[in-house]
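Colleague: Pasting a structure below so you can have a look.
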Amino acid sequence: MSRIASVLLPMPLPEAFDYAEPEGMALAVGDQVAAPLGPRLLRGVVVALREGAGGNRPLKPVAERLDEPPLPPGTIAFVEWAARYAVDAPGGPLAIALRGARCPKPRPVKVVEPTGVQPARPTPARLKVIETAKATPMSPADLARAAGVSSGVVKGLVEEGVLAVRLVEAVARFDEPDLSRRGSELNPSQAAAAEALKAMLAEGGYKAALLDGVTGSGKTEVYLEAAAAALASDPAAQVLILLPEIALTQAVIGRVAARFGAGPGEWHSDVAPPARRRVWEAVATGRCRIVVGARSALFLPFRNLRLIVVDEEHDSSFKQEEGFIYHARDLAVVRGKIENAAVVLASATPSLESLRNAETGRYRWLRLSARHGIARLPDIELIDLRQTPPEPGRWLSPPLVAAMRETLDRGEQTLLFLNRRGYAPLVLCRACGERMTAPDTDSWLVEHRYSGRLVCHLTGFSMPKPQACPHCGAKDSLVSIGPGVERVEEEARLLFPDARVAVFSSDTVFDAREARRLVESMAAGEIDILVATQAAAKGHNFPKLTLVGVVDADLGLRGGDLRAAERTYQLLAQATGRAGRRDRPGKALLQTYAPDHAVMQALAAQDRDAFVSAEMEERAFAKLPPFGRLAAVIASGTDPGQLDAFVRAMAEAAPNAEGVEVYGPADAPLGLVRGRRRKRFLVRADRNVDLSAYMATWRARVRPPASVRVAIDIDPYSFL
Ligand code: ADP
């Protein structure tokens with residue numbers, strides 16, 4: 001009896017395709033195969049097998065079963081769930097799950113082995129080399145080092161035929177975590193939280209907890225204890241720790257290595273392809289037991305995942321907005337359910353979604369309300385810029401400058417936080433008023449002085465800063481408006497010429513190595529003033545950092561969307577939370593034009609609970625998340641007429657359903673991106689509505705013309 005294999009391909013296809021299983025191939029679900037699609041052979045995964053001989057068309061046979069680790073059932077179920085949830089083709093999440101498998105294999109390595117031929121001159125050095133090589137085959141260089149001889153000795157033996165060089169596949173070693181090591185001595189509230197997590201793990205099955213602890217309370221210490229317990233529960237158990245930023249993965253990798261005497265698998269966009277391939281394979285075969293990574297690590301082929309930690313769970317970087325759209329925190333909970341694993345969401349400023357789940361008992365709520373040891377939370381003061389403005393053309397107000405001077409005099413460090421890359425967010429012509437915008441996108445060009453270019457932060461478009469206004473031709477008329485980190489750095493250097501000033505933003509810190517270097521040099525006290533975007537404002541511990549100055553506390557509140565206040569609160573609480581660790585008390589100063597705003601008041605009073613309950617009340621009243629659900633439709637097109645007609649037809653096709661409201665179509669705030677006009681719908685639904693199913697039904701009713709693209713964003717975070 002022949003069989004039919006359903007093969008999922010990493011392509012935007014609506015479902016798995018059927019192929020015939022060739023005689024003797026003995027496929028199993030999860031196998032990676034090469035399957036023909038049109039003229040091409042594609043890597044895919046067998047997701048189902050059934051007896052039978054073809055349907056209504058002749059089936060092409062699977063071309064080959066690849067000699068690769070299979071995708072475990074949990075990973076396949078997760079990919080399928082994620083696609084359904086996101087109202088997208090399963091090929092999208094499958095492509096993420098196979099990303100590591102599709103990376104090139106590391107190049108084979110040379111090893112030398114004794115051939116049995118006796119050396120002509122058996123000197124002690126040569127005999128030592130032969131003996132060492134007999135024990136473990138290794139590279140010529142390693143062998144010379146291990147035997148304590150020069151590389152010439154090894155080379156001579158190879159030439160003589162005593163040793164032979166062989167190419168072998170490089171197998172990555174991931175050392176077993178050493179579970180006999182002990183972590184830090186926990187303080188009583190940390191110990192209570194760790195015990196609760198261990199109890200949760202011991203019960204087994206899916207469970208979720210919110211580890212809600214102020215900055216510096218030791219959340220990392222606590223979840224590393226939970227990781228130890230998970231790893232100890234089963235010799236094959238695996239643990240995943242997700243972080244929102246590459247810079248943060250570096251710090252946690254170091255702590256995992258220190259705790260378990262073994263480095264974790266590292267997974268993020270900055271890991272080189274052969275190294276990714278190694279991690280992917282080691283996760284799929286169970287050799288890698290701890291992974292620390294960014295959001296896409298959630299799609300790795302874990303075989304026995306017992307614990308997922310989402311650190312800084314409130315962070316909006318967990319939301320992937322392009323390609324396959326998903327929120328890694330939400331999907332982590334789903335993956336936990338599928339794998340019967342425990343999930344720990346950790347934050348000092350949890351999202352309202354997670355707080356609501358904790359309030360209603362869906363998550364265990366574990367609170368750490370004080371910093372570890374004698375460290376205190378910083379005092380937070382507001383600087384009313386209406387009362388004490390900076391000098392014209394400057395951005396740092398007199399009280400902030402005075403505090404910086406005192407901090408420098410004490411030999412301590414200052415962090416100036418401004419969540420804006422580049423030198424100036426806007427360049428305009430003094431003569432005609434023209435604002436420099438990107439040619440095919442509705443966004444201002446940001447001036448970058450380091451590179452001398454004007455850059456569109458949305459699309460990456462850039463051009464040299466022109467000498468004359470492109471609109472009216474006036475010479476030297478372009479002026480920079482407003483500050484970015486580069487401009488604040490310039491001001492700090494002017495004010496404090498002897499201070500060591502550095503900038504931390506994604507333009508100055510472009511890879512993981514550079515991030516680690518800068519974090520280390522800050523921690524070592526080699527920088528006096530660090531001007532940073534959010535890249536450095538989260539998670540890190542800098543013992544000598546005692547002053548945090550927030551240059552523009554109001555920035556995130558402008559143009560406010562649903563989460564503007566929540567996000568501003570989180571970002572500023574995180575940034576100010578960098579101040580004062582260990583034995584040095586810290587202070588944070590927030591420059592604001594709106595000191596009476598609820599967010600500023602809550603920050604100054606350090607009253608998160610009051611802020612959260614006021615914000616919850618508003619959301620509940622409007623039935624917005626976490627009390628209702630949202631989805632967005634973004635239609636974009638190159639032909640304005642066709643786009644208009646399409647969104648009108650789409651509006652008419654919206655299904656009627658109880659507890660669902662559809663708003664739009666409306667011009668998107670970002671009306672033009674990369675030459676495509678954009679329109680949006682927003683859908684609000686009650687919590688009990690299956691919003692994905694609603695959106696899928698709607699989407700199936702319309703057929704966009706070739707010039708129009710439709711993207712569906714479930715639980716949107718961006719409303720642009
Ligand atoms: P969080 O993740 O809550 O911000 P961390 O786990 O990073 O906190 O802890 C903050 C600092 O305090 C770190 O330097 C950490 O090593 C230290 N620390 C926390 N708990 C302990 C403990 N029980 N023993 C020793 N040091 C601790």
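Labels used: A, B, ... for chains in the order of the structure tokens, numbers from 1 for residues in each chain, and numbers from 1 for ligands as shown.
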Using only C-alpha atoms, which protein or nucleic acid residues come within 7 Å of Leu305 (chain A)? Drop anything in the same chain fewer than 6 positions from it, and give the result as a PyMOL selection string.
Modeller: chain A and resi 237-239+339+341
Colleague: For the residues in that selection, give me N, CA and C atoms as an mmCIF file, in the first residue's frame.
Modeller:
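After the write, selection_7.cif holds the following:
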```cif
data_model
loop_
_atom_site.group_PDB
_atom_site.id
_atom_site.type_symbol
_atom_site.label_atom_id
_atom_site.label_comp_id
_atom_site.auth_asym_id
_atom_site.auth_seq_id
_atom_site.Cartn_x
_atom_site.Cartn_y
_atom_site.Cartn_z
ATOM 1 N N ALA A 237 15.955 17.636 29.677
ATOM 2 C CA ALA A 237 15.129 18.846 29.719
ATOM 3 C C ALA A 237 15.847 20.032 29.084
ATOM 4 N N GLN A 238 15.068 20.885 28.439
ATOM 5 C CA GLN A 238 15.624 22.091 27.813
ATOM 6 C C GLN A 238 14.940 23.338 28.352
ATOM 7 N N VAL A 239 15.700 24.440 28.357
ATOM 8 C CA VAL A 239 15.206 25.712 28.881
ATOM 9 C C VAL A 239 15.473 26.804 27.847
ATOM 10 N N GLU A 339 3.810 22.435 24.687
ATOM 11 C CA GLU A 339 4.891 21.566 25.157
ATOM 12 C C GLU A 339 4.666 21.086 26.584
ATOM 13 N N ALA A 341 4.916 22.900 29.195
ATOM 14 C CA ALA A 341 6.065 23.463 29.897
ATOM 15 C C ALA A 341 5.621 24.629 30.772
#
```
Colleague: Mind dumping a table of every chain A residue within 6 Å of ligand 1, with the nearest atom pair and its distance in Å to one decimal, using only C-alpha atoms and all ligand atoms, sorted by chain and rising number, as a Markdown table?
Modeller:
```
| residue | atom | partner | partner_atom_place_in_ligand_line | distance |
| --- | --- | --- | --- | --- |
| A:Ser184 | CA | ligand 1 | 24 (N) | 4.6 |
| A:Glu185 | CA | ligand 1 | 23 (N) | 4.9 |
| A:Leu186 | CA | ligand 1 | 23 (N) | 3.7 |
| A:Asn187 | CA | ligand 1 | 23 (N) | 5.3 |
| A:Gly213 | CA | ligand 1 | 3 (O) | 5.9 |
| A:Thr215 | CA | ligand 1 | 4 (O) | 4.2 |
| A:Gly216 | CA | ligand 1 | 4 (O) | 3.6 |
| A:Ser217 | CA | ligand 1 | 3 (O) | 4.0 |
| A:Gly218 | CA | ligand 1 | 6 (O) | 3.1 |
| A:Lys219 | CA | ligand 1 | 3 (O) | 3.7 |
| A:Thr220 | CA | ligand 1 | 6 (O) | 3.7 |
| A:Glu221 | CA | ligand 1 | 6 (O) | 4.6 |
| A:His372 | CA | ligand 1 | 19 (C) | 5.1 |
| A:Gly539 | CA | ligand 1 | 4 (O) | 5.9 |
| A:Asn541 | CA | ligand 1 | 14 (O) | 6.0 |
```
Colleague: Mind checking which residues fall within 6 Å of region 446-460 of chain A, counting only C-alpha atoms, ignoring those fewer than 2 positions away in the same chain, and posting them as an NGL selection string?
Modeller: :A and (422-426 or 462-465)
Colleague: Take the residues from that selection and write them out as a compact mmCIF listing (two decimals), in the first residue's frame, keeping all heavy atoms.
Modeller:
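Written file, out06.txt:
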```txt
# COMPACT_ATOMS: atom_id res chain seq x y z
N GLY A 422 20.43 59.39 16.11
CA GLY A 422 20.90 60.42 15.20
C GLY A 422 21.14 61.75 15.89
O GLY A 422 21.20 61.85 17.12
N TYR A 423 21.28 62.81 15.06
CA TYR A 423 21.62 64.13 15.57
C TYR A 423 20.38 64.99 15.77
O TYR A 423 20.17 65.59 16.81
CB TYR A 423 22.59 64.82 14.59
CG TYR A 423 23.08 66.15 15.07
CD1 TYR A 423 24.14 66.24 15.97
CD2 TYR A 423 22.48 67.32 14.64
CE1 TYR A 423 24.59 67.46 16.43
CE2 TYR A 423 22.93 68.56 15.09
CZ TYR A 423 23.98 68.62 15.99
OH TYR A 423 24.42 69.83 16.44
N ALA A 424 19.53 65.03 14.74
CA ALA A 424 18.31 65.84 14.83
C ALA A 424 17.19 65.14 14.08
O ALA A 424 17.40 64.64 12.98
CB ALA A 424 18.56 67.22 14.24
N PRO A 425 16.00 65.11 14.66
CA PRO A 425 14.90 64.37 14.05
C PRO A 425 14.30 65.07 12.84
O PRO A 425 13.50 64.47 12.12
CB PRO A 425 13.87 64.27 15.17
CG PRO A 425 14.17 65.41 16.07
CD PRO A 425 15.65 65.65 15.99
N LEU A 426 14.67 66.32 12.62
CA LEU A 426 14.05 67.06 11.53
C LEU A 426 15.05 68.08 10.99
O LEU A 426 15.76 68.74 11.75
CB LEU A 426 12.80 67.78 12.05
CG LEU A 426 12.14 68.81 11.13
CD1 LEU A 426 11.60 68.16 9.87
CD2 LEU A 426 11.01 69.54 11.85
N SER A 462 18.77 56.64 2.61
CA SER A 462 19.61 57.73 3.12
C SER A 462 20.23 58.49 1.97
O SER A 462 20.34 58.00 0.85
CB SER A 462 20.69 57.18 4.05
OG SER A 462 21.73 56.60 3.31
N MET A 463 20.62 59.74 2.24
CA MET A 463 21.28 60.59 1.24
C MET A 463 22.23 61.53 1.96
O MET A 463 22.05 61.83 3.15
CB MET A 463 20.22 61.39 0.47
CG MET A 463 19.41 62.32 1.36
SD MET A 463 18.04 63.09 0.48
CE MET A 463 18.78 64.67 0.10
N PRO A 464 23.27 62.00 1.26
CA PRO A 464 24.16 62.98 1.91
C PRO A 464 23.36 64.24 2.21
O PRO A 464 22.43 64.58 1.47
CB PRO A 464 25.23 63.27 0.85
CG PRO A 464 25.06 62.24 -0.22
CD PRO A 464 23.66 61.73 -0.14
N LYS A 465 23.72 64.96 3.28
CA LYS A 465 23.01 66.20 3.57
C LYS A 465 23.37 67.23 2.50
O LYS A 465 24.56 67.52 2.30
CB LYS A 465 23.43 66.71 4.96
CG LYS A 465 22.60 67.90 5.40
CD LYS A 465 22.98 68.34 6.79
CE LYS A 465 22.23 69.61 7.15
NZ LYS A 465 22.68 70.19 8.41
```
Colleague: Using only C-alpha atoms for the distances, tell me which of A:Leu377, A:Ala402, A:Leu224, A:Ala5 is nearest to Ala35 (chain A).
Modeller: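 Answer, going by the shortest atom-to-atom distance: A:Ala5.
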Colleague: Excluding Gly433 (chain A) and residues on its chain fewer than 2 positions from it, collect all residues at most 12 Å away from it, counting only C-alpha atoms, and give them as a ChimeraX atom specification.
Modeller: /A:426-431,435-436,469-474,477-479,481
Colleague: Store the residues picked out above in a file with C-alpha atoms, as a short mmCIF file (atom, residue, chain, number, x, y, z; two decimals), in the first residue's frame.
Modeller:
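Full text of out13.cif as output:
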```cif
data_model
loop_
_atom_site.label_atom_id
_atom_site.label_comp_id
_atom_site.auth_asym_id
_atom_site.auth_seq_id
_atom_site.Cartn_x
_atom_site.Cartn_y
_atom_site.Cartn_z
CA LEU A 426 14.05 67.06 11.53
CA VAL A 427 15.92 69.20 9.02
CA LEU A 428 14.17 72.18 7.48
CA CYS A 429 14.98 75.07 5.19
CA ARG A 430 15.14 78.43 6.90
CA ALA A 431 14.41 80.17 3.60
CA ARG A 435 10.94 69.86 5.57
CA MET A 436 13.32 67.22 4.33
CA CYS A 469 17.71 73.36 -0.17
CA PRO A 470 16.47 70.94 -2.84
CA HIS A 471 13.17 72.84 -2.92
CA CYS A 472 14.14 76.53 -3.24
CA GLY A 473 17.86 76.23 -3.92
CA ALA A 474 18.89 78.53 -1.04
CA SER A 477 19.77 77.28 4.67
CA LEU A 478 19.11 73.83 6.15
CA VAL A 479 18.79 73.84 9.92
CA ILE A 481 15.58 70.94 14.60
#
```
Colleague: I'd like a table as JSON lines: residues in region 531-642 of chain A with an atom no more than 7 Å from region 408-416 of chain A, each row giving the shortest atom pair and its distance in Å to one decimal, only C-alpha atoms counted, sorted by chain and rising residue number.
Modeller:
```
{"residue": "A:Val531", "atom": "CA", "partner": "A:Leu416", "partner_atom": "CA", "distance": 4.7}
{"residue": "A:Ala532", "atom": "CA", "partner": "A:Leu416", "partner_atom": "CA", "distance": 6.2}
{"residue": "A:Lys544", "atom": "CA", "partner": "A:Glu412", "partner_atom": "CA", "distance": 5.4}
{"residue": "A:Leu545", "atom": "CA", "partner": "A:Gln413", "partner_atom": "CA", "distance": 4.4}
{"residue": "A:Thr546", "atom": "CA", "partner": "A:Gln413", "partner_atom": "CA", "distance": 6.0}
{"residue": "A:Leu547", "atom": "CA", "partner": "A:Thr414", "partner_atom": "CA", "distance": 4.7}
{"residue": "A:Val548", "atom": "CA", "partner": "A:Leu415", "partner_atom": "CA", "distance": 4.7}
{"residue": "A:Gly549", "atom": "CA", "partner": "A:Leu416", "partner_atom": "CA", "distance": 4.7}
{"residue": "A:Val550", "atom": "CA", "partner": "A:Leu416", "partner_atom": "CA", "distance": 5.9}
{"residue": "A:Val551", "atom": "CA", "partner": "A:Leu416", "partner_atom": "CA", "distance": 6.6}
```
Colleague: Return as a list in words the full set of residues in region 618-656 of chain A whose backbone-based DSSP assignment is alpha helix (DSSP H).
Modeller: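 Here is the list: Glu618, Arg619, Ala620, Phe621, Ala622, Pro640, Gly641, Gln642, Leu643, Asp644, Ala645, Phe646, Val647, Arg648, Ala649, Met650, Ala651, Glu652 and Ala653 of chain A.
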Colleague: Could you pull the residues within 10 Å of Ala284 (chain A), counting only C-alpha atoms, minus those fewer than 3 positions along the same chain, as a PDB file with N, CA and C atoms, in the first residue's frame?
Modeller:
```
ATOM      1  N   GLU A  68      18.760  15.067   7.949  1.00  0.00           N
ATOM      2  CA  GLU A  68      18.708  16.219   8.851  1.00  0.00           C
ATOM      3  C   GLU A  68      17.826  15.848  10.032  1.00  0.00           C
ATOM      4  N   PRO A  69      18.025  16.494  11.176  1.00  0.00           N
ATOM      5  CA  PRO A  69      17.136  16.183  12.306  1.00  0.00           C
ATOM      6  C   PRO A  69      15.678  16.517  11.952  1.00  0.00           C
ATOM      7  N   PRO A  70      14.745  15.679  12.354  1.00  0.00           N
ATOM      8  CA  PRO A  70      13.333  15.973  12.078  1.00  0.00           C
ATOM      9  C   PRO A  70      12.830  17.114  12.959  1.00  0.00           C
ATOM     10  N   LEU A  71      11.741  17.732  12.539  1.00  0.00           N
ATOM     11  CA  LEU A  71      11.091  18.752  13.364  1.00  0.00           C
ATOM     12  C   LEU A  71      10.206  18.019  14.382  1.00  0.00           C
ATOM     13  N   PRO A  72      10.387  18.259  15.674  1.00  0.00           N
ATOM     14  CA  PRO A  72       9.586  17.539  16.676  1.00  0.00           C
ATOM     15  C   PRO A  72       8.102  17.914  16.559  1.00  0.00           C
ATOM     16  N   ALA A 101      18.182  25.453  10.050  1.00  0.00           N
ATOM     17  CA  ALA A 101      18.466  24.260   9.256  1.00  0.00           C
ATOM     18  C   ALA A 101      18.920  24.645   7.862  1.00  0.00           C
ATOM     19  N   ARG A 278      24.663  25.357  13.950  1.00  0.00           N
ATOM     20  CA  ARG A 278      25.102  24.489  15.053  1.00  0.00           C
ATOM     21  C   ARG A 278      24.089  24.496  16.185  1.00  0.00           C
ATOM     22  N   VAL A 279      23.612  25.693  16.546  1.00  0.00           N
ATOM     23  CA  VAL A 279      22.653  25.778  17.654  1.00  0.00           C
ATOM     24  C   VAL A 279      21.372  25.045  17.259  1.00  0.00           C
ATOM     25  N   TRP A 280      20.907  25.283  16.044  1.00  0.00           N
ATOM     26  CA  TRP A 280      19.658  24.665  15.588  1.00  0.00           C
ATOM     27  C   TRP A 280      19.743  23.147  15.710  1.00  0.00           C
ATOM     28  N   GLU A 281      20.862  22.611  15.196  1.00  0.00           N
ATOM     29  CA  GLU A 281      21.027  21.161  15.195  1.00  0.00           C
ATOM     30  C   GLU A 281      21.138  20.618  16.611  1.00  0.00           C
ATOM     31  N   ARG A 287      21.215  18.169  22.272  1.00  0.00           N
ATOM     32  CA  ARG A 287      22.536  18.379  22.871  1.00  0.00           C
ATOM     33  C   ARG A 287      22.663  19.754  23.507  1.00  0.00           C
ATOM     34  N   CYS A 288      21.883  20.701  23.016  1.00  0.00           N
ATOM     35  CA  CYS A 288      21.917  22.038  23.613  1.00  0.00           C
ATOM     36  C   CYS A 288      20.725  22.164  24.541  1.00  0.00           C
ATOM     37  N   LEU A 300      12.608  27.525  17.643  1.00  0.00           N
ATOM     38  CA  LEU A 300      13.628  26.474  17.538  1.00  0.00           C
ATOM     39  C   LEU A 300      12.993  25.106  17.814  1.00  0.00           C
ATOM     40  N   PRO A 301      13.575  24.039  17.238  1.00  0.00           N
ATOM     41  CA  PRO A 301      12.970  22.706  17.335  1.00  0.00           C
ATOM     42  C   PRO A 301      13.288  21.989  18.645  1.00  0.00           C
ATOM     43  N   PHE A 302      12.816  22.538  19.756  1.00  0.00           N
ATOM     44  CA  PHE A 302      13.079  21.911  21.057  1.00  0.00           C
ATOM     45  C   PHE A 302      12.441  20.527  21.116  1.00  0.00           C
ATOM     46  N   ARG A 303      13.162  19.600  21.725  1.00  0.00           N
ATOM     47  CA  ARG A 303      12.616  18.245  21.859  1.00  0.00           C
ATOM     48  C   ARG A 303      11.943  18.039  23.195  1.00  0.00           C
ATOM     49  N   ASN A 304      12.430  18.765  24.178  1.00  0.00           N
ATOM     50  CA  ASN A 304      11.910  18.509  25.517  1.00  0.00           C
ATOM     51  C   ASN A 304      11.952  19.799  26.331  1.00  0.00           C
TER      52      ASN A 304
END
```
Colleague: Nearest to Asp528 (chain A): which of A:Glu406, A:Asp379, A:Glu266, A:Asp607 is it, counting only C-alpha atoms?
Modeller: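 Of A:Glu406, A:Asp379, A:Glu266, A:Asp607, the one nearest Asp528 (chain A), counting only C-alpha atoms, is A:Glu406.
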Colleague: Pick out each residue of region 398-609 of chain A that DSSP on the backbone tags as strand (DSSP E); I need them as a count of residues only.
Modeller: 42
Colleague: Mind checking which residues fall within 7 Å of region 653-661 of chain A, counting only C-alpha atoms, ignoring those fewer than 5 positions away in the same chain, and posting them as a PDB file with C-alpha atoms, in the first residue's frame?
Modeller:
```pdb
ATOM      1  CA  VAL A 683     -11.263  45.863  14.550  1.00  0.00           C
ATOM      2  CA  ARG A 684     -12.281  45.716  18.187  1.00  0.00           C
ATOM      3  CA  ALA A 685     -13.753  42.547  19.615  1.00  0.00           C
ATOM      4  CA  ASP A 686     -14.941  41.288  22.967  1.00  0.00           C
ATOM      5  CA  TRP A 698     -13.308  38.362   6.271  1.00  0.00           C
ATOM      6  CA  ARG A 701     -14.265  37.076   1.168  1.00  0.00           C
TER       7      ARG A 701
END
```
Colleague: Interatomic distance between CA of Val46 (chain A) and CA of Asp67 (chain A)?
Modeller: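 These atoms are spaced 13.7 Å apart.
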Colleague: Report, in Å with one decimal, the straight-line distance from CA of Ala251 (chain A) to CA of Ala236 (chain A).
Modeller: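 Taking CA of Ala251 (chain A) as the start and CA of Ala236 (chain A) as the end point, the length is 25.4 Å.
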Colleague: Report the distance between CA of Met695 (chain A) and CA of Lys207 (chain A) in Å, rounded to one decimal place.
Modeller: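 Separation between CA of Met695 (chain A) and CA of Lys207 (chain A): 29.0 Å.
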Colleague: So, with only C-alpha atoms as the atoms that count, which of A:Pro119, A:Pro640, A:Gly100, A:Pro93 lies closest to Leu8 (chain A)?
Modeller: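 Selected residue with least distance to Leu8 (chain A): A:Pro93.
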Colleague: Give me the residues within 8 Å of Phe681 (chain A) as a PyMOL selection string, counting only C-alpha atoms and dropping any in the same chain fewer than 3 places off.
Modeller: chain A and resi 632-634+662-666
